[in-house]
$ cat structure_23.pdb   # PDB, C-alpha atoms, pLDDT in the B column
ATOM      1  CA  MET A  15      32.764 -52.726 -33.517  1.00 59.00           C
ATOM      2  CA  LEU A  16      30.077 -51.843 -30.976  1.00 64.00           C
ATOM      3  CA  PHE A  17      27.349 -53.122 -33.272  1.00 78.00           C
ATOM      4  CA  ARG A  18      29.059 -56.506 -33.419  1.00 83.00           C
ATOM      5  CA  SER A  19      29.555 -56.509 -29.646  1.00 82.00           C
ATOM      6  CA  GLU A  20      25.896 -55.730 -29.082  1.00 81.00           C
ATOM      7  CA  ARG A  21      24.905 -58.484 -31.463  1.00 82.00           C
ATOM      8  CA  GLU A  22      27.119 -60.938 -29.582  1.00 84.00           C
ATOM      9  CA  LEU A  23      25.630 -59.778 -26.289  1.00 84.00           C
ATOM     10  CA  SER A  24      22.159 -60.428 -27.655  1.00 81.00           C
ATOM     11  CA  GLU A  25      23.213 -63.962 -28.577  1.00 83.00           C
ATOM     12  CA  LEU A  26      24.651 -64.513 -25.102  1.00 82.00           C
ATOM     13  CA  ARG A  27      21.387 -63.406 -23.510  1.00 81.00           C
ATOM     14  CA  LYS A  28      19.545 -66.057 -25.512  1.00 82.00           C
ATOM     15  CA  VAL A  29      21.762 -68.749 -24.015  1.00 85.00           C
ATOM     16  CA  SER A  30      21.848 -67.360 -20.460  1.00 80.00           C
ATOM     17  CA  PRO A  31      19.446 -64.466 -19.939  1.00 76.00           C
ATOM     18  CA  ARG A  32      20.643 -63.462 -16.440  1.00 85.00           C
ATOM     19  CA  HIS A  33      24.260 -64.174 -15.652  1.00 91.00           C
ATOM     20  CA  PRO A  34      26.419 -61.714 -13.669  1.00 94.00           C
ATOM     21  CA  MET A  35      29.231 -61.667 -16.216  1.00 93.00           C
ATOM     22  CA  ILE A  36      26.774 -60.945 -19.019  1.00 91.00           C
ATOM     23  CA  GLU A  37      25.301 -58.087 -16.979  1.00 93.00           C
ATOM     24  CA  LEU A  38      28.794 -56.671 -16.477  1.00 95.00           C
ATOM     25  CA  LEU A  39      29.490 -56.934 -20.179  1.00 92.00           C
ATOM     26  CA  ALA A  40      26.214 -55.191 -21.023  1.00 93.00           C
ATOM     27  CA  ALA A  41      27.040 -52.368 -18.610  1.00 95.00           C
ATOM     28  CA  ARG A  42      30.541 -51.983 -20.056  1.00 94.00           C
ATOM     29  CA  LEU A  43      29.103 -51.761 -23.541  1.00 93.00           C
ATOM     30  CA  ARG A  44      26.701 -49.041 -22.411  1.00 93.00           C
ATOM     31  CA  SER A  45      29.518 -47.194 -20.743  1.00 93.00           C
ATOM     32  CA  SER A  46      31.751 -47.448 -23.822  1.00 91.00           C
ATOM     33  CA  ARG A  47      28.961 -45.805 -25.832  1.00 90.00           C
ATOM     34  CA  GLY A  48      29.051 -42.900 -23.396  1.00 92.00           C
ATOM     35  CA  ASP A  49      25.888 -43.926 -21.556  1.00 94.00           C
ATOM     36  CA  ALA A  50      27.184 -43.969 -17.974  1.00 94.00           C
ATOM     37  CA  THR A  51      23.688 -43.495 -16.572  1.00 96.00           C
ATOM     38  CA  GLY A  52      22.399 -46.482 -18.553  1.00 96.00           C
ATOM     39  CA  ALA A  53      25.340 -48.540 -17.342  1.00 96.00           C
ATOM     40  CA  ARG A  54      24.554 -47.572 -13.757  1.00 97.00           C
ATOM     41  CA  GLU A  55      20.899 -48.585 -14.218  1.00 97.00           C
ATOM     42  CA  LEU A  56      21.898 -51.998 -15.601  1.00 96.00           C
ATOM     43  CA  LEU A  57      24.294 -52.522 -12.727  1.00 97.00           C
ATOM     44  CA  GLN A  58      21.725 -51.493 -10.111  1.00 97.00           C
ATOM     45  CA  SER A  59      19.337 -54.059 -11.551  1.00 96.00           C
ATOM     46  CA  ALA A  60      22.043 -56.715 -11.635  1.00 96.00           C
ATOM     47  CA  ARG A  61      23.026 -55.887  -8.038  1.00 96.00           C
ATOM     48  CA  GLY A  62      19.483 -56.751  -6.974  1.00 95.00           C
ATOM     49  CA  VAL A  63      19.679 -60.137  -8.706  1.00 95.00           C
ATOM     50  CA  PHE A  64      23.313 -60.919  -7.806  1.00 96.00           C
ATOM     51  CA  PRO A  65      23.868 -59.087  -4.491  1.00 95.00           C
ATOM     52  CA  ASN A  66      26.999 -61.033  -3.533  1.00 93.00           C
ATOM     53  CA  TYR A  67      28.823 -60.848  -6.864  1.00 95.00           C
ATOM     54  CA  ARG A  68      31.614 -58.438  -5.960  1.00 97.00           C
ATOM     55  CA  PRO A  69      32.595 -57.426  -9.540  1.00 97.00           C
ATOM     56  CA  ILE A  70      29.105 -55.972 -10.001  1.00 98.00           C
ATOM     57  CA  GLY A  71      29.570 -54.001  -6.779  1.00 97.00           C
ATOM     58  CA  TYR A  72      32.896 -52.629  -7.990  1.00 98.00           C
ATOM     59  CA  ALA A  73      31.432 -51.733 -11.377  1.00 97.00           C
ATOM     60  CA  LEU A  74      28.379 -50.086  -9.804  1.00 98.00           C
ATOM     61  CA  THR A  75      30.614 -48.038  -7.530  1.00 98.00           C
ATOM     62  CA  GLU A  76      32.704 -46.922 -10.514  1.00 97.00           C
ATOM     63  CA  ALA A  77      29.514 -46.088 -12.440  1.00 97.00           C
ATOM     64  CA  TYR A  78      28.315 -43.891  -9.571  1.00 98.00           C
ATOM     65  CA  GLN A  79      31.684 -42.174  -9.543  1.00 97.00           C
ATOM     66  CA  ALA A  80      31.635 -41.680 -13.321  1.00 96.00           C
ATOM     67  CA  ILE A  81      28.397 -39.709 -13.089  1.00 97.00           C
ATOM     68  CA  GLY A  82      29.413 -37.792  -9.969  1.00 97.00           C
ATOM     69  CA  GLN A  83      27.221 -39.645  -7.469  1.00 98.00           C
ATOM     70  CA  HIS A  84      29.965 -40.026  -4.891  1.00 98.00           C
ATOM     71  CA  ARG A  85      27.682 -40.339  -1.867  1.00 98.00           C
ATOM     72  CA  ALA A  86      25.890 -43.267  -3.541  1.00 98.00           C
ATOM     73  CA  ALA A  87      29.319 -44.725  -4.334  1.00 98.00           C
ATOM     74  CA  LEU A  88      30.294 -44.449  -0.664  1.00 98.00           C
ATOM     75  CA  ASP A  89      27.047 -46.152   0.364  1.00 98.00           C
ATOM     76  CA  GLU A  90      27.816 -49.023  -2.021  1.00 97.00           C
ATOM     77  CA  ILE A  91      31.376 -49.252  -0.697  1.00 98.00           C
ATOM     78  CA  ASP A  92      30.166 -49.306   2.913  1.00 97.00           C
ATOM     79  CA  ALA A  93      27.750 -52.129   2.098  1.00 96.00           C
ATOM     80  CA  MET A  94      30.527 -54.180   0.496  1.00 97.00           C
ATOM     81  CA  MET A  95      32.910 -53.438   3.372  1.00 97.00           C
ATOM     82  CA  ARG A  96      30.452 -54.939   5.834  1.00 96.00           C
ATOM     83  CA  ALA A  97      30.960 -58.243   4.013  1.00 94.00           C
ATOM     84  CA  ASP A  98      34.730 -57.859   3.551  1.00 94.00           C
ATOM     85  CA  PRO A  99      36.408 -55.042   5.491  1.00 96.00           C
ATOM     86  CA  ARG A 100      39.870 -56.064   4.247  1.00 96.00           C
ATOM     87  CA  ASP A 101      39.420 -55.344   0.542  1.00 97.00           C
ATOM     88  CA  ALA A 102      42.172 -52.974  -0.621  1.00 98.00           C
ATOM     89  CA  ARG A 103      40.325 -52.158  -3.843  1.00 98.00           C
ATOM     90  CA  LEU A 104      37.347 -50.878  -1.856  1.00 98.00           C
ATOM     91  CA  PHE A 105      39.582 -48.514   0.099  1.00 98.00           C
ATOM     92  CA  GLY A 106      40.969 -47.183  -3.193  1.00 98.00           C
ATOM     93  CA  LEU A 107      37.441 -46.587  -4.496  1.00 98.00           C
ATOM     94  CA  LYS A 108      36.515 -44.998  -1.189  1.00 98.00           C
ATOM     95  CA  ALA A 109      39.489 -42.637  -1.395  1.00 98.00           C
ATOM     96  CA  LYS A 110      38.420 -41.577  -4.883  1.00 98.00           C
ATOM     97  CA  SER A 111      34.970 -40.553  -3.668  1.00 98.00           C
ATOM     98  CA  LEU A 112      36.261 -39.040  -0.433  1.00 98.00           C
ATOM     99  CA  ALA A 113      38.547 -36.819  -2.511  1.00 97.00           C
ATOM    100  CA  VAL A 114      35.353 -35.234  -3.841  1.00 98.00           C
ATOM    101  CA  VAL A 115      32.905 -35.319  -0.912  1.00 97.00           C
ATOM    102  CA  GLY A 116      34.956 -36.102   2.196  1.00 93.00           C
ATOM    103  CA  THR A 117      37.564 -34.411   4.317  1.00 91.00           C
ATOM    104  CA  GLN A 118      41.267 -34.593   3.590  1.00 94.00           C
ATOM    105  CA  GLN A 119      41.680 -36.500   6.833  1.00 95.00           C
ATOM    106  CA  GLN A 120      39.181 -39.176   5.708  1.00 95.00           C
ATOM    107  CA  LEU A 121      40.873 -39.373   2.310  1.00 97.00           C
ATOM    108  CA  HIS A 122      44.303 -40.034   3.814  1.00 97.00           C
ATOM    109  CA  GLN A 123      42.886 -42.562   6.262  1.00 97.00           C
ATOM    110  CA  ALA A 124      41.296 -44.501   3.377  1.00 98.00           C
ATOM    111  CA  LEU A 125      44.552 -44.355   1.417  1.00 98.00           C
ATOM    112  CA  ALA A 126      46.407 -45.648   4.478  1.00 98.00           C
ATOM    113  CA  GLU A 127      44.143 -48.680   4.668  1.00 98.00           C
ATOM    114  CA  GLN A 128      44.473 -49.309   0.938  1.00 98.00           C
ATOM    115  CA  TYR A 129      48.267 -49.226   1.200  1.00 98.00           C
ATOM    116  CA  TYR A 130      48.268 -51.365   4.327  1.00 98.00           C
ATOM    117  CA  LEU A 131      46.094 -54.056   2.752  1.00 98.00           C
ATOM    118  CA  SER A 132      48.276 -53.961  -0.364  1.00 97.00           C
ATOM    119  CA  GLY A 133      51.360 -54.655   1.727  1.00 97.00           C
ATOM    120  CA  SER A 134      52.855 -51.144   1.768  1.00 97.00           C
ATOM    121  CA  LEU A 135      53.136 -50.597   5.492  1.00 97.00           C
ATOM    122  CA  ASN A 136      55.501 -47.601   5.290  1.00 97.00           C
ATOM    123  CA  ALA A 137      53.212 -45.801   2.844  1.00 98.00           C
ATOM    124  CA  ALA A 138      50.237 -46.579   5.099  1.00 98.00           C
ATOM    125  CA  ILE A 139      52.000 -45.085   8.119  1.00 98.00           C
ATOM    126  CA  GLU A 140      52.896 -42.005   6.089  1.00 98.00           C
ATOM    127  CA  GLN A 141      49.244 -41.502   5.082  1.00 98.00           C
ATOM    128  CA  LEU A 142      48.093 -41.814   8.699  1.00 97.00           C
ATOM    129  CA  GLN A 143      50.702 -39.270   9.761  1.00 97.00           C
ATOM    130  CA  ILE A 144      49.398 -36.876   7.119  1.00 97.00           C
ATOM    131  CA  ALA A 145      45.820 -37.468   8.324  1.00 96.00           C
ATOM    132  CA  GLN A 146      46.906 -36.827  11.901  1.00 94.00           C
ATOM    133  CA  LYS A 147      48.626 -33.551  11.002  1.00 93.00           C
ATOM    134  CA  LEU A 148      45.605 -32.339   9.038  1.00 92.00           C
ATOM    135  CA  GLY A 149      43.434 -32.568  12.121  1.00 79.00           C
ATOM    136  CA  GLY A 150      39.881 -31.405  11.773  1.00 78.00           C
ATOM    137  CA  GLY A 151      38.351 -34.599  13.096  1.00 76.00           C
ATOM    138  CA  ASP A 152      36.553 -34.937  16.374  1.00 86.00           C
ATOM    139  CA  PHE A 153      38.060 -36.627  19.418  1.00 91.00           C
ATOM    140  CA  TYR A 154      36.789 -40.048  18.322  1.00 91.00           C
ATOM    141  CA  GLN A 155      38.292 -39.692  14.827  1.00 90.00           C
ATOM    142  CA  GLN A 156      41.639 -38.571  16.242  1.00 91.00           C
ATOM    143  CA  SER A 157      41.620 -41.516  18.665  1.00 93.00           C
ATOM    144  CA  VAL A 158      40.959 -43.946  15.812  1.00 94.00           C
ATOM    145  CA  LEU A 159      43.862 -42.463  13.832  1.00 94.00           C
ATOM    146  CA  ASP A 160      46.192 -42.606  16.843  1.00 95.00           C
ATOM    147  CA  ALA A 161      45.310 -46.222  17.623  1.00 96.00           C
ATOM    148  CA  ARG A 162      45.672 -47.352  14.010  1.00 97.00           C
ATOM    149  CA  LEU A 163      49.020 -45.594  13.699  1.00 96.00           C
ATOM    150  CA  ARG A 164      50.262 -47.305  16.885  1.00 96.00           C
ATOM    151  CA  GLN A 165      49.140 -50.686  15.494  1.00 97.00           C
ATOM    152  CA  MET A 166      50.953 -50.171  12.208  1.00 97.00           C
ATOM    153  CA  ARG A 167      54.119 -48.881  13.882  1.00 96.00           C
ATOM    154  CA  ALA A 168      54.131 -51.885  16.207  1.00 96.00           C
ATOM    155  CA  GLU A 169      53.770 -54.162  13.201  1.00 95.00           C
ATOM    156  CA  LEU A 170      56.705 -52.424  11.570  1.00 90.00           C
ATOM    157  CA  GLY A 171      58.684 -52.703  14.788  1.00 89.00           C
ATOM    158  CA  GLU A 172      58.928 -48.965  15.402  1.00 76.00           C
ATOM    159  CA  PRO A 173      58.799 -47.647  18.937  1.00 66.00           C
ATOM    160  CA  ALA A 174      55.620 -45.767  19.815  1.00 59.00           C
ATOM    161  CA  LYS A 175      55.882 -42.122  18.873  1.00 58.00           C
ATOM    162  CA  SER A 176      53.791 -39.280  20.154  1.00 49.00           C
ATOM    163  CA  ARG A 177      52.181 -36.808  17.842  1.00 44.00           C
TER     164      ARG A 177
END
$ encode --input "structure_23.pdb" --output "C-alpha cells"
Amino acid sequence: MLFRSERELSELRKVSPRHPMIELLAARLRSSRGDATGARELLQSARGVFPNYRPIGYALTEAYQAIGQHRAALDEIDAMMRADPRDARLFGLKAKSLAVVGTQQQLHQALAEQYYLSGSLNAAIEQLQIAQKLGGGDFYQQSVLDARLRQMRAELGEPAKSR
C-alpha cells in the first residue's frame, strides 16, 4: 500500500511540485513508515515555504511531539498563537507538551483555554480552579489565573468568589 501511495505522491509532485497539501501528504507518508524525524524535516522545509498554512504548523507541532521535542513544539505553538490566539486546537497541543515539560499549573491553564474556546465554560472554570489550587506560580502568574477565572465566572453569571 505504501509503495502505491509513494508512487502517487511522485505523480502529484510532477503536476505541482510545491503545494502545501502535497507536503502534508508526503510528511504523513514518512510518518506512517515510522520515520517521524523525516516527517519533521519535510514539515520544517514546508513551513519555510508556506509559513501561513496552519495545517503544516499543526502537523509540525505534532511531529515535534512525536519525537519528544516538546520545547520546539511549544515554540511552534507560540508562533502560531501570535497570529491567532483563539485557536482551541493550539491550546490542546500546548497542553500535551506542557504535560511533559511544563508545570501542572501551566498545563491546567492551557486546558482551561482549550475548553473555553471549545465552548465548555464550566470545564474551563474547573481547570482554572485546579491551577489556582496547585499554586507554584509567581505573583504575576497567580494574578493572571485570578483575573481569567473572574472573567469566566462573570461570563457564566456566577458571583465573584475568593480563593
$ resolve_selection --input "structure_23.pdb" --expression "the PyMOL selection byres ((chain A and resi 149) around 12)" --output "list in words"
Thr117, Gln118, Gln119, Gln120, His122, Gln123, Leu142, Gln143, Ile144, Ala145, Gln146, Lys147, Leu148, Gly150, Gly151, Asp152, Phe153, Tyr154, Gln155, Gln156, Ser157, Leu159, Asp160 and Arg177 of chain A
$ residues_near_point --input "structure_23.pdb" --point "(26.4, -54.5, -28.0)" --cutoff "12 Å" --atoms "all atoms listed in the file" --output "MDAnalysis selection string"
chainID A and resid 15:27 36:47
$ write_last_selection --input "structure_23.pdb" --atoms "C-alpha atoms" --output "PDB file, keeping the file's coordinate frame"
ATOM      1  CA  MET A  15      32.764 -52.726 -33.517  1.00 59.00           C
ATOM      2  CA  LEU A  16      30.077 -51.843 -30.976  1.00 64.00           C
ATOM      3  CA  PHE A  17      27.349 -53.122 -33.272  1.00 78.00           C
ATOM      4  CA  ARG A  18      29.059 -56.506 -33.419  1.00 83.00           C
ATOM      5  CA  SER A  19      29.555 -56.509 -29.646  1.00 82.00           C
ATOM      6  CA  GLU A  20      25.896 -55.730 -29.082  1.00 81.00           C
ATOM      7  CA  ARG A  21      24.905 -58.484 -31.463  1.00 82.00           C
ATOM      8  CA  GLU A  22      27.119 -60.938 -29.582  1.00 84.00           C
ATOM      9  CA  LEU A  23      25.630 -59.778 -26.289  1.00 84.00           C
ATOM     10  CA  SER A  24      22.159 -60.428 -27.655  1.00 81.00           C
ATOM     11  CA  GLU A  25      23.213 -63.962 -28.577  1.00 83.00           C
ATOM     12  CA  LEU A  26      24.651 -64.513 -25.102  1.00 82.00           C
ATOM     13  CA  ARG A  27      21.387 -63.406 -23.510  1.00 81.00           C
ATOM     14  CA  ILE A  36      26.774 -60.945 -19.019  1.00 91.00           C
ATOM     15  CA  GLU A  37      25.301 -58.087 -16.979  1.00 93.00           C
ATOM     16  CA  LEU A  38      28.794 -56.671 -16.477  1.00 95.00           C
ATOM     17  CA  LEU A  39      29.490 -56.934 -20.179  1.00 92.00           C
ATOM     18  CA  ALA A  40      26.214 -55.191 -21.023  1.00 93.00           C
ATOM     19  CA  ALA A  41      27.040 -52.368 -18.610  1.00 95.00           C
ATOM     20  CA  ARG A  42      30.541 -51.983 -20.056  1.00 94.00           C
ATOM     21  CA  LEU A  43      29.103 -51.761 -23.541  1.00 93.00           C
ATOM     22  CA  ARG A  44      26.701 -49.041 -22.411  1.00 93.00           C
ATOM     23  CA  SER A  45      29.518 -47.194 -20.743  1.00 93.00           C
ATOM     24  CA  SER A  46      31.751 -47.448 -23.822  1.00 91.00           C
ATOM     25  CA  ARG A  47      28.961 -45.805 -25.832  1.00 90.00           C
TER      26      ARG A  47
END
$ residues_near_point --input "structure_23.pdb" --point "(39.7, -50.6, -2.9)" --cutoff "10 Å" --atoms "only C-alpha atoms" --output "list in words"
Tyr72, Ile91, Met95, Arg100, Asp101, Ala102, Arg103, Leu104, Phe105, Gly106, Leu107, Lys108, Ala109, Lys110, Ala124, Leu125, Glu127, Gln128, Tyr129, Leu131 and Ser132 of chain A
$ residues_around --input "structure_23.pdb" --residues "Ala77 of chain A" --least-positions-apart "6" --cutoff "8 Å" --atoms "only C-alpha atoms" --output "JSON, numbers by chain"
{"A": [50, 51, 53, 54]}
$ resolve_selection --input "structure_23.pdb" --expression "the PyMOL selection byres ((chain A and resi 170) around 12)" --output "ChimeraX atom specification"
/A:130,133-139,163-169,171-174
$ atom_distance --input "structure_23.pdb" --atom1 "atom CA of Gln141 of chain A" --atom2 "atom CA of Pro69 of chain A"
27.3 Å
$ atom_distance --input "structure_23.pdb" --atom1 "atom CA of Glu76 of chain A" --atom2 "atom CA of Arg32 of chain A"
21.3 Å
$ atom_distance --input "structure_23.pdb" --atom1 "atom CA of Pro65 of chain A" --atom2 "atom CA of Ala113 of chain A"
26.7 Å
$ resolve_selection --input "structure_23.pdb" --expression "the PyMOL selection byres ((chain A and resi 85) around 12)" --output "ChimeraX atom specification"
/A:75-76,78-79,81-84,86-92,107-108,110-116
$ closest_residue --input "structure_23.pdb" --among "A:Arg162, A:Val29, A:Glu140, A:Met94" --to "Tyr67 of chain A" --atoms "only C-alpha atoms"
A:Met94
